[in-house]
Amino acid sequence: MDTVVWLISWALAIGIVGGVFRFAGQKIRWPSEQLNIYFRDMPLMVGIGFVFGVVLLYVVFHYYFIEKSTFFRWAVQGFVIFSAASWLFWTFGKHVGTRGSRKLFRKMPLTAAFGIMTIIVYAVLSIFAGVLAPYGQEEIFDKINVLPGGDLAAGGDPRFLLGTDQLGRDLLSRLIYGGQNTVGIAFMTTILAFLIGATFGFLAATLGGWFDQVVSRGVDAMMAIPQLIFALLLLTIATAWAGSNKGLITLYMIVIIAVLDSTRVFRLARAVGFNIVVMDYIEAAKLRGEKLSYLIFREILPNAYAPLLAEFGLRFCFVFLTIAALSFLGIGIQPPLADWGTMVRDLSQFINFAQFSPLTAALPLMAAGAIALLTVAVNFVVDWMLHQSSGLKD
């Protein structure tokens with residue numbers, strides 16, 4: 001109860017100070033006419049936002065210098081480092097490259113530059129994991145549960161910067177290989193889901209009739225079951241069929257998740273397709289005797305690019321998180337392959353050692369943070385691309 005009263009009191013105080021700030025800004029004669037116009041037209045919520053930002057900065061600086069706030073300090077440092085790197089990447093792109101790339105970087109916001117830079121880093125780490133990782137993802141050493149940091153006196157080993165797990169495998173190598181497995185499989189699954197969903201969605205919109213009814217009712221039946229529970233059920237059955245063949249289990253997982261996620265793509269593609277097939281240029285193409293493939297790939301698909309692009313970013317993030325969740329539950333990517341979901345599960349007990357060794361406790365957070373960071377980066381890029389493709393003006 002005291003916490004609720006405290007939060008309400010702070011909210012009221014920020015609101016009152018924000019109102020006073022807005023009122024004072026309107027009464028002061030500023031040296032610049034633009035400032036006078038800005039404060040004159042400033043909404044109340046903007047004034048409250050300014051005050052809230054100042055309070056938030058104070059809280060960040062206050063907790064940053066508290067001795068026990070190790071994780072918060074790392075989060076702030078990581079945010080500052082990534083922001084500075086994104087700005088440098090953005091500035092570099094505006095002055096170096098072809099005329100088209102420089103123009104593109106000048107038009108994109110900083111958030112899109114951050115997303116592109118992050119995706120490039122993930123792609124390089126995933127593609128060249130075999131070169132960048134110090135050891136193999138399946139390589140086992142006689143050093144078990146070596147602490148991170150490389151300090152021999154503290155129970156570490158300079159050969160293993162992030163330590164080793166309960167089997168003696170290098171965690172830095174598995175973190176790098178985890179990106180290759182998790183991101184690569186998620187990307188392939190998303191592409192397959194879009195091929196299935198968009199194809200059947202456009203066919204249902206173009207053909208209509210019994211084909212549309214049969215496919216739509218089947219999709220409704222699949223969507224009535226919660227996706228994660230449905231995936232768990234199907235993967236359990238598939239695992240029993242595949243036996244000990246881990247490659248076949250991974251293939252089943254890709255197909256199952258792609259089919260389940262294609263239902264969402266189907267609904268979007270069908271809805272967009274119905275809005276397009278009633279257009280005059282579609283009727284003109286039919287009267288010219290154009291084939292079904294021409295209608296879908298030359299007429300419908302180019303006009304459905306913007307919503308499908310936005311959906312691709314969301315689907316990739318959801319597929320990415322679904323694979324991580326299934327691996328966390330033990331039926332996703334199979335060992336000895338490394339993936340971030342399994343690493344979060346296996347290393348979760350290290351969080352209990354936060355007061356003794358913050359770096360040890362941060363090990364499961366590294367894999368979870370890698371998942372969250374890529375999710376945010378993809379959404380930043382997709383939002384910008386959707387803004388560009390939809391013809392919206394800044």
# chains A, B, ... in the order shown; residues from 1 in each chain; ligands from 1
call {"tool": "select_by_dssp", "arguments": {"residues": "range 44-185 of chain A", "states": "alpha helix (DSSP H)", "output": "VMD selection string"}}
result
chain A and resid 44 to 64 70 to 95 99 to 107 110 to 127 129 to 132 171 to 185
call {"tool": "closest_atom_pairs", "arguments": {"of": "range 268-292 of chain A", "to": "range 308-320 of chain A", "cutoff": "12 Å", "atoms": "only C-alpha atoms", "output": "CSV"}}
result
residue,atom,partner,partner_atom,distance
A:Leu268,CA,A:Leu308,CA,7.7
A:Ala269,CA,A:Leu308,CA,7.4
A:Arg270,CA,A:Leu308,CA,11.1
A:Ala271,CA,A:Leu308,CA,11.2
A:Val272,CA,A:Leu308,CA,9.1
A:Gly273,CA,A:Leu308,CA,11.1
call {"tool": "write_last_selection", "arguments": {"atoms": "C-alpha atoms", "output": "compact mmCIF listing (two decimals), in the first residue's frame"}}
result
# COMPACT_ATOMS: atom_id res chain seq x y z
CA LEU A 268 -3.06 -11.27 -43.38
CA ALA A 269 -2.36 -12.27 -47.00
CA ARG A 270 -6.00 -13.28 -47.52
CA ALA A 271 -7.32 -10.01 -46.08
CA VAL A 272 -4.92 -7.89 -48.12
CA GLY A 273 -5.58 -10.00 -51.20
call {"tool": "residues_around", "arguments": {"residues": "range 278-281 of chain A", "least_positions_apart": "6", "cutoff": "12 Å", "atoms": "only C-alpha atoms", "output": "count of residues only"}}
result
12
call {"tool": "residues_around", "arguments": {"residues": "Phe128 in chain A", "least_positions_apart": "4", "cutoff": "10 Å", "atoms": "only C-alpha atoms", "output": "list in words"}}
result
Tyr122, Ala123, Val124, Leu132, Ala133, Ile176, Tyr177 and Gln180 of chain A
call {"tool": "residues_around", "arguments": {"residues": "range 38-49 of chain A", "least_positions_apart": "4", "cutoff": "9 Å", "atoms": "only C-alpha atoms", "output": "tab-separated table (two decimals) with N, CA, C and O atoms, in the first residue's frame"}}
result
chain	number	residue	atom	x	y	z
A	14	ILE	N	5.04	15.09	-10.48
A	14	ILE	CA	5.57	15.28	-11.83
A	14	ILE	C	4.55	16.01	-12.70
A	14	ILE	O	4.89	16.90	-13.50
A	15	GLY	N	3.26	15.65	-12.55
A	15	GLY	CA	2.23	16.34	-13.32
A	15	GLY	C	2.13	17.82	-12.99
A	15	GLY	O	2.01	18.66	-13.88
A	16	ILE	N	2.20	18.15	-11.69
A	16	ILE	CA	2.12	19.56	-11.28
A	16	ILE	C	3.33	20.34	-11.78
A	16	ILE	O	3.19	21.44	-12.34
A	17	VAL	N	4.53	19.77	-11.59
A	17	VAL	CA	5.74	20.46	-12.04
A	17	VAL	C	5.74	20.61	-13.56
A	17	VAL	O	6.17	21.63	-14.11
A	18	GLY	N	5.25	19.57	-14.27
A	18	GLY	CA	5.16	19.67	-15.73
A	18	GLY	C	4.22	20.78	-16.17
A	18	GLY	O	4.51	21.52	-17.13
A	19	GLY	N	3.08	20.95	-15.46
A	19	GLY	CA	2.17	22.04	-15.77
A	19	GLY	C	2.79	23.41	-15.50
A	19	GLY	O	2.61	24.34	-16.30
A	20	VAL	N	3.52	23.51	-14.38
A	20	VAL	CA	4.20	24.77	-14.07
A	20	VAL	C	5.26	25.09	-15.12
A	20	VAL	O	5.42	26.23	-15.56
A	21	PHE	N	6.01	24.05	-15.55
A	21	PHE	CA	7.05	24.24	-16.58
A	21	PHE	C	6.42	24.74	-17.88
A	21	PHE	O	6.94	25.67	-18.52
A	22	ARG	N	5.30	24.16	-18.27
A	22	ARG	CA	4.64	24.59	-19.51
A	22	ARG	C	4.13	26.03	-19.38
A	22	ARG	O	4.28	26.85	-20.30
A	23	PHE	N	3.52	26.35	-18.23
A	23	PHE	CA	2.97	27.70	-18.01
A	23	PHE	C	4.09	28.74	-18.02
A	23	PHE	O	3.96	29.80	-18.64
A	24	ALA	N	5.21	28.41	-17.33
A	24	ALA	CA	6.34	29.36	-17.29
A	24	ALA	C	6.94	29.55	-18.67
A	24	ALA	O	7.33	30.66	-19.05
A	25	GLY	N	7.04	28.47	-19.45
A	25	GLY	CA	7.59	28.57	-20.79
A	25	GLY	C	6.76	29.44	-21.70
A	25	GLY	O	7.28	30.12	-22.60
A	26	GLN	N	5.43	29.45	-21.48
A	26	GLN	CA	4.56	30.28	-22.30
A	26	GLN	C	4.63	31.76	-21.91
A	26	GLN	O	4.40	32.64	-22.73
A	27	LYS	N	4.95	32.05	-20.63
A	27	LYS	CA	4.99	33.43	-20.16
A	27	LYS	C	6.33	34.11	-20.44
A	27	LYS	O	6.40	35.33	-20.55
A	33	GLU	N	12.28	33.28	-31.81
A	33	GLU	CA	10.85	33.20	-32.11
A	33	GLU	C	10.38	31.75	-32.20
A	33	GLU	O	9.23	31.42	-31.86
A	34	GLN	N	11.28	30.86	-32.63
A	34	GLN	CA	10.92	29.43	-32.71
A	34	GLN	C	10.63	28.87	-31.32
A	34	GLN	O	9.70	28.07	-31.13
A	53	GLY	N	11.47	13.08	-17.86
A	53	GLY	CA	12.81	12.75	-18.37
A	53	GLY	C	13.90	13.20	-17.43
A	53	GLY	O	14.89	12.48	-17.21
A	54	VAL	N	13.74	14.40	-16.82
A	54	VAL	CA	14.74	14.89	-15.86
A	54	VAL	C	14.78	13.99	-14.63
A	54	VAL	O	15.86	13.61	-14.14
call {"tool": "closest_residue", "arguments": {"among": "A:Ala129, A:Ile249, A:Val146, A:Val5", "to": "Asp165 in chain A", "atoms": "only C-alpha atoms"}}
result
A:Val146
call {"tool": "residues_around", "arguments": {"residues": "Asn379 in chain A", "least_positions_apart": "3", "cutoff": "8 Å", "atoms": "only C-alpha atoms", "output": "list in words"}}
result
Gly115, Gly313, Leu314, Thr375, Val376, Val382 and Asp383 of chain A
call {"tool": "decode", "arguments": {"residues": "range 263-274 of chain A", "atoms": "all heavy atoms", "output": "mmCIF file, in the first residue's frame"}}
result
data_model
loop_
_atom_site.group_PDB
_atom_site.id
_atom_site.type_symbol
_atom_site.label_atom_id
_atom_site.label_comp_id
_atom_site.auth_asym_id
_atom_site.auth_seq_id
_atom_site.Cartn_x
_atom_site.Cartn_y
_atom_site.Cartn_z
ATOM 1 N N THR A 263 -0.330 -19.760 -40.407
ATOM 2 C CA THR A 263 -1.750 -19.434 -40.264
ATOM 3 C C THR A 263 -1.943 -17.934 -40.085
ATOM 4 O O THR A 263 -2.883 -17.355 -40.624
ATOM 5 C CB THR A 263 -2.341 -20.184 -39.056
ATOM 6 O OG1 THR A 263 -1.597 -19.877 -37.878
ATOM 7 C CG2 THR A 263 -2.284 -21.686 -39.288
ATOM 8 N N ARG A 264 -1.034 -17.288 -39.331
ATOM 9 C CA ARG A 264 -1.120 -15.838 -39.158
ATOM 10 C C ARG A 264 -0.823 -15.117 -40.468
ATOM 11 O O ARG A 264 -1.483 -14.126 -40.806
ATOM 12 C CB ARG A 264 -0.134 -15.372 -38.086
ATOM 13 C CG ARG A 264 -0.610 -15.496 -36.653
ATOM 14 C CD ARG A 264 -0.607 -16.920 -36.152
ATOM 15 N NE ARG A 264 -1.076 -17.004 -34.779
ATOM 16 C CZ ARG A 264 -1.326 -18.150 -34.157
ATOM 17 N NH1 ARG A 264 -1.171 -19.307 -34.799
ATOM 18 N NH2 ARG A 264 -1.742 -18.154 -32.905
ATOM 19 N N VAL A 265 0.170 -15.614 -41.192
ATOM 20 C CA VAL A 265 0.499 -15.009 -42.488
ATOM 21 C C VAL A 265 -0.655 -15.192 -43.464
ATOM 22 O O VAL A 265 -0.983 -14.284 -44.249
ATOM 23 C CB VAL A 265 1.798 -15.626 -43.042
ATOM 24 C CG1 VAL A 265 2.173 -14.970 -44.365
ATOM 25 C CG2 VAL A 265 2.936 -15.481 -42.047
ATOM 26 N N PHE A 266 -1.293 -16.366 -43.423
ATOM 27 C CA PHE A 266 -2.433 -16.632 -44.309
ATOM 28 C C PHE A 266 -3.553 -15.632 -44.080
ATOM 29 O O PHE A 266 -4.124 -15.089 -45.037
ATOM 30 C CB PHE A 266 -2.942 -18.055 -44.076
ATOM 31 C CG PHE A 266 -4.266 -18.342 -44.732
ATOM 32 C CD1 PHE A 266 -4.323 -18.697 -46.067
ATOM 33 C CD2 PHE A 266 -5.456 -18.235 -44.018
ATOM 34 C CE1 PHE A 266 -5.544 -18.951 -46.686
ATOM 35 C CE2 PHE A 266 -6.670 -18.485 -44.618
ATOM 36 C CZ PHE A 266 -6.723 -18.845 -45.953
ATOM 37 N N ARG A 267 -3.876 -15.363 -42.804
ATOM 38 C CA ARG A 267 -4.975 -14.439 -42.512
ATOM 39 C C ARG A 267 -4.671 -13.043 -43.050
ATOM 40 O O ARG A 267 -5.544 -12.384 -43.622
ATOM 41 C CB ARG A 267 -5.211 -14.385 -40.996
ATOM 42 C CG ARG A 267 -5.696 -15.684 -40.384
ATOM 43 C CD ARG A 267 -7.101 -16.016 -40.833
ATOM 44 N NE ARG A 267 -8.049 -15.070 -40.300
ATOM 45 C CZ ARG A 267 -8.690 -15.214 -39.123
ATOM 46 N NH1 ARG A 267 -8.453 -16.277 -38.377
ATOM 47 N NH2 ARG A 267 -9.561 -14.314 -38.722
ATOM 48 N N LEU A 268 -3.432 -12.593 -42.874
ATOM 49 C CA LEU A 268 -3.059 -11.272 -43.377
ATOM 50 C C LEU A 268 -3.062 -11.236 -44.900
ATOM 51 O O LEU A 268 -3.619 -10.313 -45.517
ATOM 52 C CB LEU A 268 -1.686 -10.884 -42.841
ATOM 53 C CG LEU A 268 -1.123 -9.562 -43.372
ATOM 54 C CD1 LEU A 268 -1.996 -8.392 -42.921
ATOM 55 C CD2 LEU A 268 0.306 -9.365 -42.920
ATOM 56 N N ALA A 269 -2.439 -12.250 -45.539
ATOM 57 C CA ALA A 269 -2.361 -12.271 -46.998
ATOM 58 C C ALA A 269 -3.760 -12.368 -47.617
ATOM 59 O O ALA A 269 -4.046 -11.723 -48.639
ATOM 60 C CB ALA A 269 -1.494 -13.446 -47.451
ATOM 61 N N ARG A 270 -4.620 -13.143 -47.008
ATOM 62 C CA ARG A 270 -5.998 -13.277 -47.525
ATOM 63 C C ARG A 270 -6.745 -11.958 -47.407
ATOM 64 O O ARG A 270 -7.443 -11.541 -48.352
ATOM 65 C CB ARG A 270 -6.723 -14.368 -46.752
ATOM 66 C CG ARG A 270 -8.181 -14.584 -47.151
ATOM 67 C CD ARG A 270 -8.763 -15.750 -46.374
ATOM 68 N NE ARG A 270 -10.172 -15.942 -46.679
ATOM 69 C CZ ARG A 270 -11.175 -15.345 -46.015
ATOM 70 N NH1 ARG A 270 -10.901 -14.510 -45.017
ATOM 71 N NH2 ARG A 270 -12.428 -15.582 -46.347
ATOM 72 N N ALA A 271 -6.620 -11.276 -46.267
ATOM 73 C CA ALA A 271 -7.316 -10.009 -46.077
ATOM 74 C C ALA A 271 -6.807 -8.945 -47.050
ATOM 75 O O ALA A 271 -7.604 -8.222 -47.672
ATOM 76 C CB ALA A 271 -7.148 -9.538 -44.639
ATOM 77 N N VAL A 272 -5.485 -8.859 -47.190
ATOM 78 C CA VAL A 272 -4.917 -7.890 -48.121
ATOM 79 C C VAL A 272 -5.285 -8.255 -49.557
ATOM 80 O O VAL A 272 -5.605 -7.384 -50.384
ATOM 81 C CB VAL A 272 -3.388 -7.817 -47.942
ATOM 82 C CG1 VAL A 272 -2.762 -6.919 -48.997
ATOM 83 C CG2 VAL A 272 -3.040 -7.298 -46.553
ATOM 84 N N GLY A 273 -5.248 -9.556 -49.855
ATOM 85 C CA GLY A 273 -5.582 -10.001 -51.202
ATOM 86 C C GLY A 273 -7.005 -9.672 -51.595
ATOM 87 O O GLY A 273 -7.276 -9.278 -52.746
ATOM 88 N N PHE A 274 -7.950 -9.825 -50.656
ATOM 89 C CA PHE A 274 -9.347 -9.486 -50.957
ATOM 90 C C PHE A 274 -9.521 -8.005 -51.275
ATOM 91 O O PHE A 274 -10.379 -7.632 -52.085
ATOM 92 C CB PHE A 274 -10.244 -9.866 -49.776
ATOM 93 C CG PHE A 274 -10.756 -11.276 -49.839
ATOM 94 C CD1 PHE A 274 -10.614 -12.128 -48.769
ATOM 95 C CD2 PHE A 274 -11.386 -11.754 -50.976
ATOM 96 C CE1 PHE A 274 -11.079 -13.427 -48.826
ATOM 97 C CE2 PHE A 274 -11.863 -13.065 -51.053
ATOM 98 C CZ PHE A 274 -11.708 -13.899 -49.967
#
